[in-house]
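Engineer: Here you go, one structure.
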Amino acid sequence: MLSRVAENLYWTGRYVERAEHTSRLLAVKLESMAEQSGEAAEAGWSRVIAALAAEASADDLGDALSRTEVLALDRGNPSSLLSSLSWARDNARQAREQLSSEVWECLNRLYLRLRPLTIEQVWVHEPHRIFRETLQNLHALEGVIYSTLRHGEGWYFLELGRYIERAQLVSRLLAIHFPADDGAGTSPTYVDWLVLLKFCCAFEPYLKEHTAAIVPSRVAGFLLFDAEFPRSVNFAVGRVSDALQHVAQGAPPQRRAACERLAGRLKASIDFGRIDEMMEGSIAQFLAAITRQCEDIHDAVHAAYIAYGAAAVA
């Protein structure tokens, strides 16, 4: 596979995952505002903004309407929902020959539906509705990708991008709820932990595993270590390792080894992590390490399969 095509597929996977994450956070946040006091709602917005647009703050973005506009529809915000879909579409268009017509039509139709929307149109009735509908369309896109593409090298580059992005996004969400400086900001309340589970589509799966006891350590353990939940860090890291076994199988072993070694090291840290030990004070450092190692894997993938020079091929 051409390195250009591999890069386009990899970034399509990342941007689609980012768009889905943004849609879910905005939908859940807007739905939960009715259940929170003014102070709790402001603290919740600060966490959402930190998760989606780290360079801004709640004070910078004004009221709920302005914040939603910046996080969802602002082309000037590179991490907004519309920006993510735009970048996903651009990358998919450049790798069009590797995608089915159904995948392209599903992604293109969603982008064209959201592109002309204004915040006034979103806000006129139930503002969370458009983000729920977007989530449904993105879930449909994931199903179309799975069911209409050949599960070859291109599909695994899509998977690699999706799950590196997912591991980082979930780790960042957890880190915001378990900051290194416990005295900074407002501590999460019971509702905040419930909302965190909903941010990750984990509320019902968590209840089936742990009943109705919303305990921070159990929430963290579930989102970090549950091997069977698709949005846990453990599950995402496992998929990253699996995808790396299937991409660029003809590449020189030394180039493949660097990526696989980093992924294996991250997987081992997850496999042998214990939430009870981390809750004693090391969870913030552990989450920061996950994010850093995902960035290292990204850099290694880029160096090995995308930006390598002629000398590496010789």
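We label chains A, B, ... in the order they appear in the structure tokens, count residues from 1 in each chain, and number ligands from 1 in the order shown.
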Excluding Arg24 (chain A) and its own-chain neighbours fewer than 6 positions away, which residues fall within 8 Å of it when counting only C-alpha atoms? Please give them as a tab-separated table (two decimals) with C-alpha atoms, in the first residue's frame.
Structural biologist:
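The resulting result_25.tsv:
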```tsv
chain	number	residue	atom	x	y	z
A	131	PHE	CA	-25.74	15.55	18.36
A	132	ARG	CA	-27.67	12.38	19.14
A	135	LEU	CA	-23.94	9.92	16.86
A	199	PHE	CA	-19.53	10.29	27.98
A	200	CYS	CA	-18.02	6.88	27.18
```
Engineer: Would you write out, as a Markdown table, a table of all residues in region 110-194 of chain A that have an atom no more than 8 Å from an atom of region 230-233 of chain A, listing for each the closest atom pair and the distance in Å to one decimal, considering only C-alpha atoms and ordering rows by chain and rising residue number?
Structural biologist:
```
| residue | atom | partner | partner_atom | distance |
| --- | --- | --- | --- | --- |
| A:Arg166 | CA | A:Arg231 | CA | 7.2 |
| A:Ala167 | CA | A:Val233 | CA | 5.0 |
| A:Val170 | CA | A:Val233 | CA | 6.7 |
| A:Ser171 | CA | A:Val233 | CA | 7.0 |
```
Engineer: Would you give me, as a Markdown table, each residue of region 176-205 of chain A having an atom within 9 Å of an atom of region 26-42 of chain A, along with its shortest atom pair and that distance in Å to one decimal, using only C-alpha atoms and sorting by chain and residue number?
Structural biologist:
```
| residue | atom | partner | partner_atom | distance |
| --- | --- | --- | --- | --- |
| A:Thr186 | CA | A:Ala40 | CA | 8.2 |
| A:Pro188 | CA | A:Ala40 | CA | 8.5 |
| A:Thr189 | CA | A:Ala40 | CA | 8.1 |
| A:Val191 | CA | A:Gln36 | CA | 7.8 |
| A:Asp192 | CA | A:Ala40 | CA | 8.3 |
| A:Val195 | CA | A:Val28 | CA | 7.1 |
| A:Lys198 | CA | A:Val28 | CA | 6.7 |
| A:Phe199 | CA | A:Val28 | CA | 6.4 |
```
Engineer: So which one's closest to Ile130 (chain A), A:Leu73, A:Gly13, A:Phe272, A:Gly154? Using only C-alpha atoms, please.
Structural biologist: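 Comparing A:Leu73, A:Gly13, A:Phe272, A:Gly154 against Ile130 (chain A), the winner is A:Leu73.
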Engineer: Find the residues around region 50-53 of chain A up to 12 Å (only C-alpha atoms counted), leave out those fewer than 6 positions away in its own chain, and share them as an NGL selection string.
Structural biologist: :A and (18-26 or 43-44 or 60-61 or 67-68 or 70-72 or 74 or 76-81 or 84 or 168-177 or 179 or 196 or 199)
Engineer: Kindly export the residues of the current selection with C-alpha atoms, as an mmCIF file, in the first residue's frame.
Structural biologist:
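So selection_15.cif came out as:
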```
data_model
loop_
_atom_site.group_PDB
_atom_site.id
_atom_site.type_symbol
_atom_site.label_atom_id
_atom_site.label_comp_id
_atom_site.auth_asym_id
_atom_site.auth_seq_id
_atom_site.Cartn_x
_atom_site.Cartn_y
_atom_site.Cartn_z
ATOM 1 C CA ARG A 18 -12.813 12.328 17.291
ATOM 2 C CA ALA A 19 -16.081 13.469 15.710
ATOM 3 C CA GLU A 20 -17.997 10.695 17.468
ATOM 4 C CA HIS A 21 -16.392 11.572 20.810
ATOM 5 C CA THR A 22 -17.218 15.276 20.386
ATOM 6 C CA SER A 23 -20.830 14.515 19.449
ATOM 7 C CA ARG A 24 -21.298 12.312 22.489
ATOM 8 C CA LEU A 25 -19.765 14.762 24.955
ATOM 9 C CA LEU A 26 -21.928 17.609 23.677
ATOM 10 C CA ALA A 43 -17.552 22.782 36.356
ATOM 11 C CA GLY A 44 -18.935 20.240 33.889
ATOM 12 C CA ASP A 60 -13.245 32.389 27.145
ATOM 13 C CA LEU A 61 -16.187 30.737 25.409
ATOM 14 C CA ARG A 67 -19.583 27.069 23.893
ATOM 15 C CA THR A 68 -21.659 24.654 21.855
ATOM 16 C CA VAL A 70 -17.308 26.755 19.173
ATOM 17 C CA LEU A 71 -17.078 23.056 20.022
ATOM 18 C CA ALA A 72 -19.485 21.892 17.306
ATOM 19 C CA ASP A 74 -16.633 26.606 14.470
ATOM 20 C CA GLY A 76 -11.685 28.067 13.298
ATOM 21 C CA ASN A 77 -11.536 25.451 16.060
ATOM 22 C CA PRO A 78 -9.495 22.540 14.621
ATOM 23 C CA SER A 79 -11.027 20.097 17.117
ATOM 24 C CA SER A 80 -14.683 21.051 16.568
ATOM 25 C CA LEU A 81 -17.177 18.459 15.377
ATOM 26 C CA SER A 84 -13.193 16.745 12.486
ATOM 27 C CA GLN A 168 -6.047 8.955 24.132
ATOM 28 C CA LEU A 169 -9.522 10.480 24.376
ATOM 29 C CA VAL A 170 -10.696 8.168 27.164
ATOM 30 C CA SER A 171 -7.425 8.625 29.065
ATOM 31 C CA ARG A 172 -7.763 12.394 28.787
ATOM 32 C CA LEU A 173 -11.337 12.294 30.085
ATOM 33 C CA LEU A 174 -10.245 10.238 33.078
ATOM 34 C CA ALA A 175 -7.276 12.514 33.724
ATOM 35 C CA ILE A 176 -9.607 15.523 33.883
ATOM 36 C CA HIS A 177 -11.626 13.750 36.574
ATOM 37 C CA PRO A 179 -6.186 15.621 38.262
ATOM 38 C CA LEU A 196 -18.468 10.474 32.780
ATOM 39 C CA PHE A 199 -19.531 10.290 27.976
#
```
Engineer: Enter the distance from CA of Leu141 (chain A) to CA of Glu165 (chain A), in Å, rounded to one decimal.
Structural biologist: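 So the answer is 16.8 Å.
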Engineer: At a cut-off of 9 Å, using only C-alpha atoms, what residues contact Thr118 (chain A)? Leave out same-chain residues fewer than 4 positions from it and give the result as a PyMOL selection string.
Structural biologist: chain A and resi 69+73+114+122-123
Engineer: Write a file of the just-selected residues containing C-alpha atoms, as a PDB file, in the first residue's frame.
Structural biologist:
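Below is the file that was written, selection19.pdb:
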```pdb
ATOM      1  CA  GLU A  69     -21.101  26.719  18.716  1.00  0.00           C
ATOM      2  CA  LEU A  73     -19.634  24.266  14.345  1.00  0.00           C
ATOM      3  CA  LEU A 114     -24.066  19.453   9.213  1.00  0.00           C
ATOM      4  CA  VAL A 122     -29.366  23.752  16.621  1.00  0.00           C
ATOM      5  CA  TRP A 123     -30.640  25.678  19.626  1.00  0.00           C
TER       6      TRP A 123
END
```
Engineer: So that I can see what lies close to Glu204 (chain A), please list as JSON, numbers by chain the residues with an atom at most 12 Å from it, counting only C-alpha atoms and leaving out residues fewer than 4 positions away in the same chain.
Structural biologist: {"A": [194, 195, 197, 198, 199, 200, 208, 209, 210, 211, 212, 214, 222, 229]}
Engineer: Just list the residues in region 171-229 of chain A DSSP gives helix (DSSP H, G or I) on the backbone, as a PDB file with N, CA and C atoms, in the first residue's frame.
Structural biologist:
```
ATOM      1  N   SER A 171      -8.425   8.313  28.040  1.00  0.00           N
ATOM      2  CA  SER A 171      -7.425   8.625  29.065  1.00  0.00           C
ATOM      3  C   SER A 171      -7.488  10.092  29.462  1.00  0.00           C
ATOM      4  N   ARG A 172      -7.680  10.966  28.487  1.00  0.00           N
ATOM      5  CA  ARG A 172      -7.763  12.394  28.787  1.00  0.00           C
ATOM      6  C   ARG A 172      -8.994  12.713  29.622  1.00  0.00           C
ATOM      7  N   LEU A 173     -10.125  12.084  29.288  1.00  0.00           N
ATOM      8  CA  LEU A 173     -11.337  12.294  30.085  1.00  0.00           C
ATOM      9  C   LEU A 173     -11.130  11.869  31.535  1.00  0.00           C
ATOM     10  N   LEU A 174     -10.526  10.713  31.718  1.00  0.00           N
ATOM     11  CA  LEU A 174     -10.245  10.238  33.078  1.00  0.00           C
ATOM     12  C   LEU A 174      -9.284  11.161  33.794  1.00  0.00           C
ATOM     13  N   ALA A 175      -8.261  11.632  33.095  1.00  0.00           N
ATOM     14  CA  ALA A 175      -7.276  12.514  33.724  1.00  0.00           C
ATOM     15  C   ALA A 175      -7.917  13.811  34.208  1.00  0.00           C
ATOM     16  N   ILE A 176      -8.915  14.294  33.473  1.00  0.00           N
ATOM     17  CA  ILE A 176      -9.607  15.523  33.883  1.00  0.00           C
ATOM     18  C   ILE A 176     -10.393  15.285  35.166  1.00  0.00           C
ATOM     19  N   HIS A 177     -10.868  14.076  35.359  1.00  0.00           N
ATOM     20  CA  HIS A 177     -11.626  13.750  36.574  1.00  0.00           C
ATOM     21  C   HIS A 177     -10.727  13.300  37.719  1.00  0.00           C
ATOM     22  N   TYR A 190     -21.346  13.060  42.464  1.00  0.00           N
ATOM     23  CA  TYR A 190     -21.957  11.796  42.036  1.00  0.00           C
ATOM     24  C   TYR A 190     -22.482  11.916  40.599  1.00  0.00           C
ATOM     25  N   VAL A 191     -23.154  13.026  40.304  1.00  0.00           N
ATOM     26  CA  VAL A 191     -23.696  13.223  38.950  1.00  0.00           C
ATOM     27  C   VAL A 191     -22.569  13.298  37.929  1.00  0.00           C
ATOM     28  N   ASP A 192     -21.442  13.914  38.291  1.00  0.00           N
ATOM     29  CA  ASP A 192     -20.313  14.016  37.367  1.00  0.00           C
ATOM     30  C   ASP A 192     -19.762  12.638  36.992  1.00  0.00           C
ATOM     31  N   TRP A 193     -19.703  11.719  37.970  1.00  0.00           N
ATOM     32  CA  TRP A 193     -19.221  10.366  37.662  1.00  0.00           C
ATOM     33  C   TRP A 193     -20.210   9.635  36.775  1.00  0.00           C
ATOM     34  N   LEU A 194     -21.490   9.856  37.023  1.00  0.00           N
ATOM     35  CA  LEU A 194     -22.513   9.263  36.163  1.00  0.00           C
ATOM     36  C   LEU A 194     -22.385   9.810  34.737  1.00  0.00           C
ATOM     37  N   VAL A 195     -22.178  11.125  34.631  1.00  0.00           N
ATOM     38  CA  VAL A 195     -22.021  11.752  33.319  1.00  0.00           C
ATOM     39  C   VAL A 195     -20.768  11.230  32.620  1.00  0.00           C
ATOM     40  N   LEU A 196     -19.688  11.031  33.369  1.00  0.00           N
ATOM     41  CA  LEU A 196     -18.468  10.474  32.780  1.00  0.00           C
ATOM     42  C   LEU A 196     -18.741   9.121  32.129  1.00  0.00           C
ATOM     43  N   LEU A 197     -19.486   8.272  32.808  1.00  0.00           N
ATOM     44  CA  LEU A 197     -19.842   6.982  32.216  1.00  0.00           C
ATOM     45  C   LEU A 197     -20.637   7.176  30.921  1.00  0.00           C
ATOM     46  N   LYS A 198     -21.558   8.120  30.924  1.00  0.00           N
ATOM     47  CA  LYS A 198     -22.344   8.371  29.713  1.00  0.00           C
ATOM     48  C   LYS A 198     -21.471   8.967  28.612  1.00  0.00           C
ATOM     49  N   PHE A 199     -20.467   9.771  28.972  1.00  0.00           N
ATOM     50  CA  PHE A 199     -19.531  10.290  27.976  1.00  0.00           C
ATOM     51  C   PHE A 199     -18.882   9.166  27.178  1.00  0.00           C
ATOM     52  N   PHE A 203     -22.506   3.750  30.757  1.00  0.00           N
ATOM     53  CA  PHE A 203     -23.406   3.749  31.905  1.00  0.00           C
ATOM     54  C   PHE A 203     -24.090   2.393  32.081  1.00  0.00           C
ATOM     55  N   GLU A 204     -24.760   1.911  31.057  1.00  0.00           N
ATOM     56  CA  GLU A 204     -25.459   0.626  31.179  1.00  0.00           C
ATOM     57  C   GLU A 204     -24.487  -0.552  31.329  1.00  0.00           C
ATOM     58  N   PRO A 205     -23.401  -0.619  30.538  1.00  0.00           N
ATOM     59  CA  PRO A 205     -22.445  -1.718  30.768  1.00  0.00           C
ATOM     60  C   PRO A 205     -21.863  -1.717  32.181  1.00  0.00           C
ATOM     61  N   TYR A 206     -21.593  -0.523  32.723  1.00  0.00           N
ATOM     62  CA  TYR A 206     -21.060  -0.439  34.088  1.00  0.00           C
ATOM     63  C   TYR A 206     -22.073  -0.967  35.091  1.00  0.00           C
ATOM     64  N   LEU A 207     -23.344  -0.585  34.950  1.00  0.00           N
ATOM     65  CA  LEU A 207     -24.374  -1.044  35.879  1.00  0.00           C
ATOM     66  C   LEU A 207     -24.519  -2.562  35.841  1.00  0.00           C
ATOM     67  N   LYS A 208     -24.371  -3.143  34.671  1.00  0.00           N
ATOM     68  CA  LYS A 208     -24.491  -4.599  34.565  1.00  0.00           C
ATOM     69  C   LYS A 208     -23.316  -5.305  35.228  1.00  0.00           C
ATOM     70  N   GLU A 209     -22.182  -4.609  35.305  1.00  0.00           N
ATOM     71  CA  GLU A 209     -20.988  -5.201  35.910  1.00  0.00           C
ATOM     72  C   GLU A 209     -20.896  -4.905  37.396  1.00  0.00           C
ATOM     73  N   HIS A 210     -21.299  -3.690  37.818  1.00  0.00           N
ATOM     74  CA  HIS A 210     -21.090  -3.247  39.201  1.00  0.00           C
ATOM     75  C   HIS A 210     -22.384  -2.833  39.905  1.00  0.00           C
ATOM     76  N   PRO A 216     -16.001   6.138  42.305  1.00  0.00           N
ATOM     77  CA  PRO A 216     -14.940   6.619  41.412  1.00  0.00           C
ATOM     78  C   PRO A 216     -13.901   5.562  41.051  1.00  0.00           C
ATOM     79  N   SER A 217     -13.448   4.785  42.017  1.00  0.00           N
ATOM     80  CA  SER A 217     -12.421   3.786  41.717  1.00  0.00           C
ATOM     81  C   SER A 217     -12.951   2.716  40.763  1.00  0.00           C
ATOM     82  N   ARG A 218     -14.222   2.341  40.936  1.00  0.00           N
ATOM     83  CA  ARG A 218     -14.808   1.337  40.035  1.00  0.00           C
ATOM     84  C   ARG A 218     -15.010   1.918  38.640  1.00  0.00           C
ATOM     85  N   VAL A 219     -15.415   3.181  38.574  1.00  0.00           N
ATOM     86  CA  VAL A 219     -15.574   3.836  37.275  1.00  0.00           C
ATOM     87  C   VAL A 219     -14.235   3.868  36.544  1.00  0.00           C
ATOM     88  N   ALA A 220     -13.181   4.283  37.253  1.00  0.00           N
ATOM     89  CA  ALA A 220     -11.852   4.340  36.645  1.00  0.00           C
ATOM     90  C   ALA A 220     -11.384   2.952  36.229  1.00  0.00           C
ATOM     91  N   GLY A 221     -11.587   1.969  37.100  1.00  0.00           N
ATOM     92  CA  GLY A 221     -11.171   0.616  36.778  1.00  0.00           C
ATOM     93  C   GLY A 221     -11.894   0.070  35.562  1.00  0.00           C
ATOM     94  N   PHE A 222     -13.192   0.364  35.467  1.00  0.00           N
ATOM     95  CA  PHE A 222     -13.974  -0.126  34.329  1.00  0.00           C
ATOM     96  C   PHE A 222     -13.499   0.507  33.025  1.00  0.00           C
ATOM     97  N   LEU A 223     -13.312   1.833  33.033  1.00  0.00           N
ATOM     98  CA  LEU A 223     -12.927   2.535  31.808  1.00  0.00           C
ATOM     99  C   LEU A 223     -11.470   2.291  31.424  1.00  0.00           C
ATOM    100  N   LEU A 224     -10.667   1.900  32.384  1.00  0.00           N
ATOM    101  CA  LEU A 224      -9.265   1.604  32.092  1.00  0.00           C
ATOM    102  C   LEU A 224      -9.047   0.145  31.714  1.00  0.00           C
ATOM    103  N   PHE A 225      -9.576  -0.786  32.498  1.00  0.00           N
ATOM    104  CA  PHE A 225      -9.096  -2.160  32.456  1.00  0.00           C
ATOM    105  C   PHE A 225     -10.081  -3.200  31.937  1.00  0.00           C
TER     106      PHE A 225
END
```
Engineer: I'd like to know which of A:Ser187, A:Ser241, A:Gln98, A:Gln136 is closest to Leu110 (chain A), using only C-alpha atoms.
Structural biologist: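 Answer, going by the shortest atom-to-atom distance: A:Gln136.
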Engineer: In Å, rounded to a single decimal, give me how far CA of Val5 (chain A) is from CA of Val144 (chain A).
Structural biologist: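 So the two atoms, CA of Val144 (chain A) and CA of Val5 (chain A), lie 19.6 Å apart.
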Engineer: So how many Å separate CA of Pro253 (chain A) and CA of Asp271 (chain A), to one decimal?
Structural biologist: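 For CA of Pro253 (chain A) relative to CA of Asp271 (chain A), the distance reads 25.3 Å.
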Engineer: When you count only C-alpha atoms, which of these residues is closest to Trp45 (chain A): A:Ser66, A:Ser86, A:Ser147, A:Ser269?
Structural biologist: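 Smallest distance to Trp45 (chain A) is found for A:Ser66.
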Engineer: Using only C-alpha atoms, can you tell me which of A:Leu65, A:Leu2, A:Ile290, A:Pro252 comes closest to Glu120 (chain A)?
Structural biologist: A:Leu65
